[in-house]
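Peer 1: Pasting in a structure now, in structure tokens, and then I'll have a few things to ask.
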Amino acid sequence: MSPVPWVLCPLLSGWGIPTLIVLDSQGEVITRQGRVEVLNDVECREFPWHPKPVLELTDSNAVQLNEGPCLVLFVDSEDDGESEAAKQLIQPIAEKIIAKYKAKDEEAPLLFFVAGEVSGRRA
């Protein structure tokens, strides 16, 4: 694993990261979901974690459901192909809404998820 381009601060043992906001070099927000991204990508392969239009609902990102309006497309299948097809179905809608708000320099008011199996159980 290569070194990460940020300074690590020691934490008291037993404490976690309540919020991690990732900024670009100009100080603009890349993501307010840095904590979730670190949990899902511990080797930082997708860093700096630019937001994806449609997310697969997981135990670690389910906290985002409490942060505002969300569209969740439930897939009644254990087949990964079904989840991917569902993502492809709503991705153009998500991209259009996100682009509309980005053009106004605003955050989109809606998050998009696909939900099927979540850690061995139905979502």
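As shown in the structure tokens, the chain order sets the letters A, B, ...; within each chain, residues go from 1, and ligands are also counted from 1 in the order they appear.
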Using only C-alpha atoms, tabulate the residues of range 32-53 of chain A lying at most 12 Å from any atom of range 63-67 of chain A, each with its closest atom pair and that distance in Å to one decimal, by chain and increasing residue number, as a tab-separated table.
Peer 2:
```
residue	atom	partner	partner_atom	distance
A:Arg32	CA	A:Gln64	CA	10.3
A:Gln33	CA	A:Gln64	CA	8.4
A:Gly34	CA	A:Gln64	CA	11.7
A:Arg35	CA	A:Val63	CA	10.7
A:Val36	CA	A:Val63	CA	8.8
A:Glu37	CA	A:Gln64	CA	11.8
```
Peer 1: As a PyMOL selection string, please: every residue in range 11-62 of chain A that DSSP puts in strand (DSSP E or B).
Peer 2: chain A and resi 22-23+29-31+55-56
Peer 1: Work out how far apart CA of Leu71 in chain A and CA of Ala85 in chain A are and give it in Å to one decimal.
Peer 2: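 Straight-line distance from CA of Leu71 in chain A to CA of Ala85 in chain A works out to 15.9 Å.
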